[in-house]
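A.B. asks: Provided below: data.cif, containing mmCIF, C-alpha atoms and all ligand atoms.
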data_start
#
loop_
_atom_site.label_atom_id
_atom_site.label_comp_id
_atom_site.auth_asym_id
_atom_site.auth_seq_id
_atom_site.Cartn_x
_atom_site.Cartn_y
_atom_site.Cartn_z
CA THR A 1 -10.89 24.74 -21.94
CA ARG A 2 -14.57 25.13 -21.16
CA THR A 3 -15.78 23.92 -17.77
CA SER A 4 -18.09 20.91 -17.76
CA ARG A 5 -21.76 21.11 -16.77
CA PRO A 6 -21.09 19.21 -13.51
CA GLN A 7 -18.30 21.72 -12.72
CA ARG A 8 -20.76 24.58 -13.28
CA ILE A 9 -23.27 22.84 -10.99
CA LEU A 10 -20.60 22.51 -8.28
CA LYS A 11 -19.77 26.22 -8.67
CA ALA A 12 -23.45 27.10 -8.20
CA VAL A 13 -23.46 25.04 -4.98
CA GLN A 14 -20.24 26.67 -3.72
CA THR A 15 -21.49 30.19 -4.44
CA LYS A 16 -25.18 29.82 -3.46
CA ALA A 17 -25.39 27.07 -0.80
CA THR A 18 -24.31 27.09 2.84
CA VAL A 19 -21.74 24.51 3.97
CA GLY A 20 -23.45 21.88 6.12
CA ASP A 21 -26.95 22.80 4.93
CA PRO A 22 -28.24 20.03 2.61
CA GLN A 23 -31.48 21.85 1.76
CA SER A 24 -29.53 24.88 0.49
CA VAL A 25 -27.47 22.54 -1.73
CA ILE A 26 -30.67 21.03 -3.18
CA THR A 27 -32.20 24.50 -3.71
CA ALA A 28 -29.03 25.83 -5.38
CA ILE A 29 -28.87 22.92 -7.87
CA ASP A 30 -32.59 23.12 -8.67
CA HIS A 31 -32.38 26.88 -9.24
CA PHE A 32 -29.31 26.52 -11.49
CA CYS A 33 -30.84 23.67 -13.53
CA ARG A 34 -34.23 25.38 -13.89
CA HIS A 35 -32.96 28.88 -14.75
CA ARG A 36 -29.46 28.41 -16.19
CA GLU A 37 -28.78 24.91 -17.56
CA TRP A 38 -30.88 21.74 -17.62
CA ALA A 39 -29.15 18.70 -16.07
CA MET A 40 -30.26 15.13 -15.34
CA ASN A 41 -30.83 15.44 -11.57
CA VAL A 42 -34.04 13.82 -10.35
CA GLY A 43 -35.15 17.39 -9.63
CA ASP A 44 -37.56 19.02 -7.18
CA GLU A 45 -40.87 17.51 -8.33
CA LYS A 46 -39.75 13.86 -8.54
CA GLY A 47 -37.40 14.62 -5.62
CA SER A 48 -40.38 15.28 -3.36
CA ILE A 49 -41.76 11.84 -4.28
CA LEU A 50 -38.31 10.34 -3.54
CA ASP A 51 -38.37 12.10 -0.14
CA SER A 52 -41.79 10.65 0.71
CA VAL A 53 -40.68 7.12 -0.18
CA VAL A 54 -37.46 7.48 1.90
CA ASN A 55 -39.52 8.73 4.86
CA GLU A 56 -42.02 5.88 4.43
CA VAL A 57 -39.32 3.16 4.21
CA SER A 58 -36.97 4.80 6.79
CA PRO A 59 -34.15 2.66 5.40
CA VAL A 60 -30.95 1.70 7.22
CA THR A 61 -29.12 0.70 4.02
CA VAL A 62 -29.77 2.38 0.69
CA LEU A 63 -28.22 1.58 -2.70
CA GLU A 64 -28.27 4.35 -5.33
CA LEU A 65 -27.32 3.41 -8.90
CA GLY A 66 -26.18 6.54 -10.70
CA THR A 67 -24.80 9.40 -8.59
CA TYR A 68 -24.20 12.06 -11.27
CA CYS A 69 -23.54 15.27 -9.22
CA GLY A 70 -24.88 13.85 -5.96
CA TYR A 71 -28.22 15.71 -5.95
CA SER A 72 -30.38 12.67 -5.14
CA THR A 73 -27.64 11.30 -2.87
CA VAL A 74 -27.97 14.48 -0.76
CA ARG A 75 -31.80 14.26 -0.90
CA ILE A 76 -31.69 10.70 0.43
CA ALA A 77 -28.84 11.12 2.96
CA ARG A 78 -30.39 14.22 4.59
CA LEU A 79 -33.40 12.10 5.61
CA LEU A 80 -31.43 9.17 7.07
CA PRO A 81 -31.17 8.66 10.86
CA PRO A 82 -27.73 8.27 12.51
CA GLY A 83 -26.19 4.90 11.61
CA ALA A 84 -28.02 4.64 8.28
CA CYS A 85 -26.12 5.10 5.03
CA VAL A 86 -26.41 5.28 1.27
CA ILE A 87 -23.97 3.45 -1.01
CA THR A 88 -23.98 5.24 -4.35
CA LEU A 89 -22.39 3.87 -7.55
CA GLU A 90 -21.09 6.14 -10.29
CA PHE A 91 -19.45 4.94 -13.51
CA ASN A 92 -18.07 8.29 -14.71
CA PRO A 93 -15.01 9.45 -12.71
CA ASP A 94 -15.58 13.12 -13.57
CA TYR A 95 -19.15 12.95 -12.24
CA ALA A 96 -17.90 11.09 -9.13
CA ALA A 97 -15.27 13.78 -8.41
CA ILE A 98 -17.93 16.52 -8.53
CA ALA A 99 -20.41 14.47 -6.49
CA ARG A 100 -17.85 13.97 -3.69
CA GLN A 101 -17.49 17.75 -3.39
CA VAL A 102 -21.26 18.37 -3.48
CA ILE A 103 -21.83 15.71 -0.80
CA LYS A 104 -19.00 17.20 1.31
CA TRP A 105 -20.47 20.72 0.96
CA SER A 106 -23.79 19.39 2.25
CA GLY A 107 -22.01 17.93 5.33
CA LEU A 108 -23.41 14.42 4.74
CA GLU A 109 -20.17 12.58 3.88
CA ASP A 110 -20.51 10.35 6.99
CA LYS A 111 -23.79 8.93 5.62
CA VAL A 112 -22.53 8.32 2.08
CA GLN A 113 -20.23 5.74 0.48
CA LEU A 114 -19.52 6.79 -3.11
CA VAL A 115 -18.11 3.93 -5.21
CA GLU A 116 -16.68 4.46 -8.70
CA GLY A 117 -17.41 1.65 -11.09
CA ALA A 118 -20.05 -0.20 -13.08
CA SER A 119 -23.12 -1.60 -11.32
CA GLY A 120 -22.69 -5.02 -12.96
CA ASP A 121 -19.15 -5.31 -11.60
CA TRP A 122 -19.86 -4.03 -8.08
CA ILE A 123 -23.20 -5.60 -7.13
CA PRO A 124 -21.73 -9.12 -6.72
CA TRP A 125 -19.20 -7.70 -4.23
CA MET A 126 -21.58 -5.62 -2.08
CA LYS A 127 -22.04 -8.23 0.68
CA GLU A 128 -18.35 -9.04 1.01
CA HIS A 129 -17.00 -5.53 0.56
CA PHE A 130 -19.54 -3.46 2.51
CA GLY A 131 -20.96 -6.09 4.89
CA VAL A 132 -24.44 -5.45 3.49
CA GLN A 133 -27.03 -8.17 4.21
CA ALA A 134 -29.77 -6.74 2.00
CA PHE A 135 -30.83 -3.25 0.90
CA ASP A 136 -33.94 -1.63 2.38
CA LEU A 137 -34.21 0.78 -0.55
CA VAL A 138 -32.66 0.81 -4.05
CA PHE A 139 -32.89 4.01 -6.14
CA LEU A 140 -32.31 3.20 -9.82
CA ASP A 141 -31.13 6.19 -11.82
CA HIS A 142 -28.30 4.88 -14.01
CA TRP A 143 -28.21 3.52 -17.57
CA LYS A 144 -31.85 2.78 -18.36
CA GLU A 145 -31.02 -0.51 -20.10
CA ARG A 146 -29.25 -1.68 -16.92
CA TYR A 147 -32.32 -1.37 -14.65
CA LEU A 148 -33.62 -4.88 -15.45
CA PRO A 149 -30.34 -6.83 -15.56
CA ASP A 150 -29.16 -5.16 -12.35
CA THR A 151 -32.45 -5.89 -10.57
CA LYS A 152 -32.08 -9.57 -11.52
CA LEU A 153 -28.44 -9.46 -10.36
CA LEU A 154 -29.47 -7.93 -7.01
CA GLU A 155 -32.02 -10.75 -6.62
CA GLU A 156 -29.46 -13.43 -7.50
CA CYS A 157 -26.94 -11.95 -5.01
CA GLY A 158 -29.53 -12.03 -2.21
CA LEU A 159 -29.36 -8.23 -1.83
CA ILE A 160 -33.13 -7.88 -2.19
CA GLN A 161 -35.31 -9.37 0.58
CA LYS A 162 -39.03 -9.30 1.54
CA GLY A 163 -39.97 -5.65 1.96
CA THR A 164 -37.07 -4.19 -0.05
CA VAL A 165 -38.32 -1.20 -2.05
CA LEU A 166 -37.05 -0.47 -5.58
CA LEU A 167 -37.64 3.12 -6.72
CA ALA A 168 -36.84 3.73 -10.39
CA ASP A 169 -36.41 7.14 -12.03
CA ASN A 170 -37.21 7.85 -15.72
CA VAL A 171 -39.56 4.95 -16.34
CA ILE A 172 -41.30 7.10 -19.03
CA CYS A 173 -38.53 9.47 -20.18
CA PRO A 174 -36.03 8.24 -21.37
CA GLY A 175 -38.04 5.10 -20.46
CA THR A 176 -37.30 1.62 -19.18
CA PRO A 177 -39.94 -0.57 -20.88
CA ASP A 178 -38.42 -3.99 -20.16
CA TYR A 179 -37.91 -3.11 -16.46
CA LEU A 180 -41.51 -1.80 -16.14
CA GLU A 181 -42.93 -4.92 -17.78
CA TYR A 182 -40.91 -7.11 -15.39
CA VAL A 183 -41.80 -5.45 -12.07
CA ARG A 184 -45.46 -4.90 -13.07
CA ASN A 185 -46.02 -8.52 -14.14
CA SER A 186 -43.86 -10.33 -11.59
CA PRO A 187 -45.76 -12.08 -8.76
CA HIS A 188 -42.81 -11.18 -6.53
CA TYR A 189 -43.30 -7.40 -6.73
CA ASN A 190 -46.10 -5.02 -5.82
CA SER A 191 -45.57 -2.08 -8.17
CA GLN A 192 -47.05 1.41 -8.40
CA TYR A 193 -46.43 4.36 -10.69
CA TYR A 194 -45.99 7.92 -9.37
CA ARG A 195 -46.80 10.20 -12.29
CA SER A 196 -44.66 13.35 -12.49
CA HIS A 197 -42.57 15.28 -15.02
CA LEU A 198 -39.07 15.05 -16.44
CA GLU A 199 -36.89 17.21 -14.20
CA TYR A 200 -37.29 20.97 -14.85
CA THR A 201 -39.61 20.37 -17.84
CA LYS A 202 -43.29 19.81 -18.74
CA ALA A 203 -42.62 16.42 -20.35
CA GLU A 204 -44.21 13.42 -18.67
CA ASP A 205 -42.02 11.18 -16.57
CA GLY A 206 -42.47 9.31 -13.31
CA LEU A 207 -41.10 7.00 -10.66
CA GLU A 208 -42.04 3.34 -10.30
CA LYS A 209 -42.05 2.00 -6.73
CA SER A 210 -41.83 -1.80 -6.48
CA VAL A 211 -41.94 -3.66 -3.16
CA PHE A 212 -40.40 -7.14 -3.13
CA LEU A 213 -42.92 -9.63 -1.66
CA GLY A 214 -40.44 -12.46 -1.08
CA TYR A 215 -40.04 -15.69 -3.00
O1 LIG B 1 -29.25 8.77 -18.60
C1 LIG B 1 -29.66 9.19 -17.52
N1 LIG B 1 -29.10 8.82 -16.38
C2 LIG B 1 -28.02 7.83 -16.35
C3 LIG B 1 -26.64 8.38 -16.65
C4 LIG B 1 -25.69 7.20 -16.71
C5 LIG B 1 -24.63 7.24 -15.67
C6 LIG B 1 -24.32 5.92 -15.09
C7 LIG B 1 -24.13 5.64 -13.79
C8 LIG B 1 -23.77 4.31 -13.52
C9 LIG B 1 -23.44 3.72 -12.30
C10 LIG B 1 -23.07 2.39 -12.25
N2 LIG B 1 -23.01 1.65 -13.36
C11 LIG B 1 -23.33 2.18 -14.55
C12 LIG B 1 -23.71 3.52 -14.64
S1 LIG B 1 -24.10 4.49 -16.01
C13 LIG B 1 -30.79 10.16 -17.49
C14 LIG B 1 -31.17 10.82 -18.67
C15 LIG B 1 -32.22 11.75 -18.68
C16 LIG B 1 -32.61 12.43 -19.93
C17 LIG B 1 -33.96 12.67 -20.20
C18 LIG B 1 -34.34 13.32 -21.37
C19 LIG B 1 -33.36 13.73 -22.27
F1 LIG B 1 -33.72 14.38 -23.39
C20 LIG B 1 -32.02 13.49 -22.01
C21 LIG B 1 -31.64 12.85 -20.84
C22 LIG B 1 -32.89 12.04 -17.49
C23 LIG B 1 -32.53 11.39 -16.32
O2 LIG B 1 -33.19 11.66 -15.14
C24 LIG B 1 -31.50 10.45 -16.31
O3 LIG B 1 -31.22 9.82 -15.12
MG MG B 2 -32.79 10.16 -13.72
#
Step by step, read the file and then write its structure as structure tokens.
Ligand SMILES: O=C(NCCCCc1cc2ccncc2s1)c1cc(-c2ccc(F)cc2)cc(O)c1O
Ligand SMILES: [Mg+2]
C.D. replies:
Amino acid sequence: TRTSRPQRILKAVQTKATVGDPQSVITAIDHFCRHREWAMNVGDEKGSILDSVVNEVSPVTVLELGTYCGYSTVRIARLLPPGACVITLEFNPDYAAIARQVIKWSGLEDKVQLVEGASGDWIPWMKEHFGVQAFDLVFLDHWKERYLPDTKLLEECGLIQKGTVLLADNVICPGTPDYLEYVRNSPHYNSQYYRSHLEYTKAEDGLEKSVFLGY
């Protein structure tokens, strides 16, 4: 049977990228998705904005919702200092299997905890299971209609504290209107929009960065 798109992305990494070199993994995926087959990675343009936010926050604990093939996981993990880590949740077991191999190829497996399951099921267990107090940075890139309920769940579970930064992908395309309305109108968040483009295209998209101000 035909290979899947994630399998073809992994093959591009294994043929074009150097083991242990995260930047070459990022470059290989971007080249494949720009010149061969579009795929829903955050991409190079929005990825540079993600990089600048990671560098600005210099987080110790990161939560990523939506791993896909691990592209943004590698982008985040390559910027983390020793001792810092990213917990990334992926619902689709086929995506998770590919992401594990992409993350391994990049040599960043010690900085990444990939968890298979649904965000709504796992968030309530994060403290107990991973010993997380609160997240310094949350990258939202999963089901767009889960951004708002999962943000409220993170608040309820005490996983968001003063200074926690939420960075949301796709707030224009496919769009997350209820989430945007919430973070932009809440007195508990300071929100700003980073205008960009949908990965590998000319369509408008962007990232919304929201800093929690405390209760
Ligand atoms: O759906 C997208 N991304 C989520 C995939 C859902 C996977 C999940 C992960 C997970 C983990 C934990 N709990 C539950 C879930 S559900 C997505 C879609 C587009 C797009 C844009 C224009 C198009 F024409 C067509 C697609 C672009 C993007 O950058 C995306 O991120
Ligand atoms: Mg996305």
A.B. asks: For ligand LIG 1 (chain B), list the contacting residues at 9 Å or closer, counting all atoms listed in the file, as JSON, numbers by chain.
C.D. replies: {"A": [39, 40, 41, 42, 43, 64, 65, 66, 67, 68, 88, 89, 90, 91, 92, 95, 115, 116, 117, 118, 119, 120, 121, 122, 140, 141, 142, 143, 144, 146, 169, 170, 173, 174, 175, 198, 199, 203, 205]}
A.B. asks: With distances taken over all atoms listed in the file, which residue among A:Lys127, A:His197, A:Lys104, A:Arg8 lies nearest ligand MG 2 (chain B)?
C.D. replies: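 Among A:Lys127, A:His197, A:Lys104, A:Arg8, it is A:His197 that comes nearest to ligand MG 2 (chain B).
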A.B. asks: Measuring atom to atom with all atoms listed in the file, identify which of A:Thr201, A:Ser24, A:Gln14, A:Asn190 is nearest to Ile98 (chain A).
C.D. replies: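 That would be A:Gln14, the residue with the smallest distance to Ile98 (chain A).
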A.B. asks: In Å, how far is it from CA of Ala28 (chain A) to CA of Val13 (chain A)?
C.D. replies: 5.6 Å
A.B. asks: Measuring atom to atom with all atoms listed in the file, identify which of A:Gln133, A:Ser210, A:Ser72, A:Gln101 is nearest to ligand MG 2 (chain B).
C.D. replies: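 Of the candidates, the smallest distance to ligand MG 2 (chain B) is held by A:Ser72.
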A.B. asks: What separation in Å, quoted to one decimal, exists between CA of Val165 (chain A) and CA of Glu181 (chain A)?
C.D. replies: 16.8 Å
A.B. asks: Within 10 Å of Val54 (chain A), counting only C-alpha atoms, which residues show up once you throw out same-chain ones fewer than 2 positions away? Write them as a PDB file with C-alpha atoms, in the frame of the given file, please.
C.D. replies:
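Done, and the output landed in result-v5.pdb:
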ATOM      1  CA  SER A  48     -40.380  15.280  -3.360  1.00  0.00           C
ATOM      2  CA  ILE A  49     -41.760  11.840  -4.280  1.00  0.00           C
ATOM      3  CA  LEU A  50     -38.310  10.340  -3.540  1.00  0.00           C
ATOM      4  CA  ASP A  51     -38.370  12.100  -0.140  1.00  0.00           C
ATOM      5  CA  SER A  52     -41.790  10.650   0.710  1.00  0.00           C
ATOM      6  CA  GLU A  56     -42.020   5.880   4.430  1.00  0.00           C
ATOM      7  CA  VAL A  57     -39.320   3.160   4.210  1.00  0.00           C
ATOM      8  CA  SER A  58     -36.970   4.800   6.790  1.00  0.00           C
ATOM      9  CA  PRO A  59     -34.150   2.660   5.400  1.00  0.00           C
ATOM     10  CA  VAL A  62     -29.770   2.380   0.690  1.00  0.00           C
ATOM     11  CA  ARG A  75     -31.800  14.260  -0.900  1.00  0.00           C
ATOM     12  CA  ILE A  76     -31.690  10.700   0.430  1.00  0.00           C
ATOM     13  CA  ALA A  77     -28.840  11.120   2.960  1.00  0.00           C
ATOM     14  CA  LEU A  79     -33.400  12.100   5.610  1.00  0.00           C
ATOM     15  CA  LEU A  80     -31.430   9.170   7.070  1.00  0.00           C
ATOM     16  CA  ASP A 136     -33.940  -1.630   2.380  1.00  0.00           C
ATOM     17  CA  LEU A 137     -34.210   0.780  -0.550  1.00  0.00           C
ATOM     18  CA  PHE A 139     -32.890   4.010  -6.140  1.00  0.00           C
ATOM     19  CA  VAL A 165     -38.320  -1.200  -2.050  1.00  0.00           C
ATOM     20  CA  LEU A 167     -37.640   3.120  -6.720  1.00  0.00           C
TER      21      LEU A 167
END
A.B. asks: Could you work out how far CA of Gly206 (chain A) lies from CA of Gln7 (chain A), giving the answer in Å with one decimal?
C.D. replies: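 Taking CA of Gln7 (chain A) and CA of Gly206 (chain A), their separation equals 27.2 Å.
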A.B. asks: Report as a PyMOL selection string all protein, DNA and RNA residues lying within 8 Å of region 185-188 of chain A, evaluated on all atoms listed in the file, omitting residues in the same chain fewer than 6 positions from it.
C.D. replies: chain A and resi 212-215
A.B. asks: Measuring between all atoms listed in the file, which one of A:Cys69, A:Trp105, A:Ser191, A:Ile123 shows the shortest distance to Thr15 (chain A)?
C.D. replies: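 Residue with the minimum atom-to-atom distance to Thr15 (chain A): A:Trp105.
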A.B. asks: Pick out the closest residue to ligand MG 2 (chain B) from this set: A:Arg78, A:His129, A:Lys46, A:Arg100. Count all atoms listed in the file.
C.D. replies: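 Ranking A:Arg78, A:His129, A:Lys46, A:Arg100 by distance to ligand MG 2 (chain B), first place goes to A:Lys46.
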A.B. asks: Using only C-alpha atoms for the distances, tell me which of A:Gly20, A:Arg5, A:Val102, A:Phe130 is nearest to Leu63 (chain A).
C.D. replies: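 Nearest candidate to Leu63 (chain A) out of A:Gly20, A:Arg5, A:Val102, A:Phe130: A:Phe130.
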A.B. asks: If we count all atoms listed in the file and set the cut-off at 8 Å, which residues sit around Ser106 (chain A), ignoring sequence neighbours fewer than 2 positions away in its own chain? Please answer as number ranges by chain.
C.D. replies: A: 18-22, 25, 74, 102-104, 108-109
A.B. asks: Adding 8 Å on each side of the box along x, y and z that holds all listed atoms of region 112-122 of chain A, could you give its centre and edge lengths in Å to one decimal, as lines of an AutoDock Vina configuration file?
C.D. replies:
center_x = -19.9
center_y = 1.5
center_z = -5.5
size_x = 22.4
size_y = 29.6
size_z = 31.2
